[in-house]
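K.L.:
I'd like to ask some things about the structure below.
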Amino acid sequence: MGTVSSYIKKNEDRLIYELCELLKIPSVSADPAFHNDVLETAEAVKIALIEAGCENVELCETPGYPVVYGEKLIDPKLPTILVYGHYDVQPADPIHLWDNPPFEPIIKKTEIHPDGAIFARGACDDKGQMYMHVKAIEYMVKNDCLPCNVKIIVEGEEEIGSENLGWFVENNREKLQNDVILISDTGMISNTQPSVTTGLRGLSYVEVEVTGPNRDLHSGLYGGAVANPINVLTKMIASLHDENNHVTIPGFYDKVEELSAEERAEMAKAPFSLDEYKKALDIEDVYGEKGYTTNERNSIRPTLDVNGIWGGYMGEGAKTVIASKAYAKISMRLVPNQDWHEITDLFTKHFESLAPKGVRVKVRPHHGGQAYVTPIDSIGYQAAKKAYGDTFETPAIPVRSGGSIPIVALFEKELKSKTILMGFGLDSDAIHSPNEHFGLFNYFKGIETIPSFYKYFTELYLGR
């Protein structure tokens with residue numbers, strides 16, 4: 001039996017080629033124009049699982065895009081790991097800011113990735129990280145070293161809220177029974193300091209619409225005489241934060257967990273350079289809620305951000321018009337104990353109350369999810385820590401992420417299982433942005449580390 005590192009080296013070109021082929025398919029779940037591409041990607045993942053040695057592989061229909069399922073069950077007395085990933089990707093817009101077409105993968109060397117990185121939409125989030133698991137399973141099956149049972153589900157709607165994954169889980173509890181859930185849809189601190197994500201923020205995502213006059217108006221004839229929806233909308237949005245960058249929605253902070261000074265001190269031990277952070281983003285200074293550090297602002301504190309705003313004339317040249325309507329998309333990242341349904345309701349009532357006479361306001365909830373924290377005394381966390389220690393030769397440390405994976409809380413509610421978040425991406429990988437990429441070092445390290453997690457989890461489970 002060869003080692004996983006020798007297997008990777010022997011198959012390096014194939015492992016890169018297969019991932020690049022998957023990245024070529026524009027599986028954008030948010031845009032109906034890519035419907036057939038999303039379905040094509042699901043079929044490609046199904047074939048990859050079969051080729052990796054999984055059994056009972058199927059496309060499971062849902063009210064939306066299908067969930068790809070596969071398994072390799074070797075002994076009912078052994079523990080079962082359920083792997084989760086997603087095959088859909090974010091829209092590539094704005095296309096003109098990409099250095100290369102987003103669905104034509106290219107490998108380039110960078111300062112952070114001297115061995116090269118794959119540039120393409122979905123390279124890191126989540127096709128690259130999901131595919132690490134497929135290839136790790138392939139290695140263990142082909143080399144007869146799979147130490148426990150494994151099930152894997154790969155969905156196609158994560159980037160639009162995983163609404164139908166909830167339906168799938170509720171209708172397949174027995175099929176999905178497991179002893180731990182393993183996900184790589186997060187990141188780590190650096191290529192020299194691995195970390196295990198122990199907390200995720202929740203999410204509430206809404207779209208707002210402000211309507212003024214019944215048609216677009218001439219700004220000379222009507223300017224100053226009627227409410228301009230764009231002006232009104234920007235004032236309403238500006239009022240959602242005070243001078244200390246606290247969110248002004250009544251009740252927003254009522255259930256926010258306040259971490260102790262000791263816990264905050266432990267978090268502060270994670271390596272972080274504010275100067276390097278600002279340099280990487282090309283900003284003069286950071287910005288956020290008063291009284292908290294940068295790492296605290298983007299992990300243990302709730303936020304409210306405008307993700308898009310539009311209205312009126314946006315074409316070439318000038319058009320003197322007062323638009324009838326203005327729109328914005330707004331997301332709120334939430335922390336433990338903040339229920340996303342409750343926060344959405346608080347936002348709706350407050351935002352509607354801000355509207356002056358002369359305009360009408362609509363708030364349309366899109367999707368959301370609950371925050372999640374996993375304990376560091378679980379055997380899953382200990383197995384992950386040991387696995388990173390093997391391949392990186394340095395202990396992993398726990399960190400909380402600012403991102404959201406809504407289905408993690410759903411998994412615990414429906415399947416009664418804890419989730420371990422073993423991410424291999426970096427903050428600099430530009431997920432959700434132009435020029436998204438994933439380092440070859442990280443891709444291969446993931447394939448190398450995952451089998452160690454299986455080994456240690458099985459040992460710790462049987463030794464309980």
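In the structure tokens, the first chain shown is A, the next is B, and so on; residue numbers restart at 1 for each chain, and ligands run from 1 in the order shown.
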I'd like the contact shell of Ala52 of chain A - 12 Å cut-off, only C-alpha atoms, skipping same-chain residues fewer than 5 positions apart - returned as number ranges by chain.

P.N.:
A: 15, 45-47, 57, 70-72, 131-143, 152

K.L.:
So that I can see what lies close to Gly187 of chain A, please list as a list in words the residues with an atom at most 8 Å from it, counting only C-alpha atoms and leaving out residues fewer than 5 positions away in the same chain.

P.N.:
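Using only C-alpha atoms, the neighbours found are Ser195, Thr197, Met422, Gly423, Phe424, Gly425, Leu426 and Asp427 of chain A.
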
K.L.:
Using only C-alpha atoms, which protein or nucleic acid residues come within 8 Å of Tyr388 of chain A? Drop anything in the same chain fewer than 5 positions from it, and give the result as a list in words.

P.N.:
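Final neighbour list, sorted by chain and number: Pro194, Glu393, Thr394, Pro395, Ala396 and Thr449 of chain A.
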
K.L.:
Got a sec: who's within 7 Å of Glu289 of chain A, counting only C-alpha atoms, leaving out chain neighbours fewer than 6 positions off, as a ChimeraX atom specification?

P.N.:
/A:244-246,297

K.L.:
Using 10 Å as the limit and counting only C-alpha atoms, can you tabulate each residue of segment 387-454 of chain A that touches segment 300-315 of chain A, with its shortest atom-to-atom distance in Å and the two atoms involved, as JSON lines?

P.N.:
{"residue": "A:Arg400", "atom": "CA", "partner": "A:Ile300", "partner_atom": "CA", "distance": 7.2}
{"residue": "A:Ser401", "atom": "CA", "partner": "A:Ile300", "partner_atom": "CA", "distance": 8.2}
{"residue": "A:Gly402", "atom": "CA", "partner": "A:Ile300", "partner_atom": "CA", "distance": 7.4}

K.L.:
Given only C-alpha atoms as the basis, pick out the residue of A:Ala120, A:Leu460, A:Leu23, A:Leu73 nearest to Ile106 of chain A.

P.N.:
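The answer is A:Ala120, which sits nearest to Ile106 of chain A.
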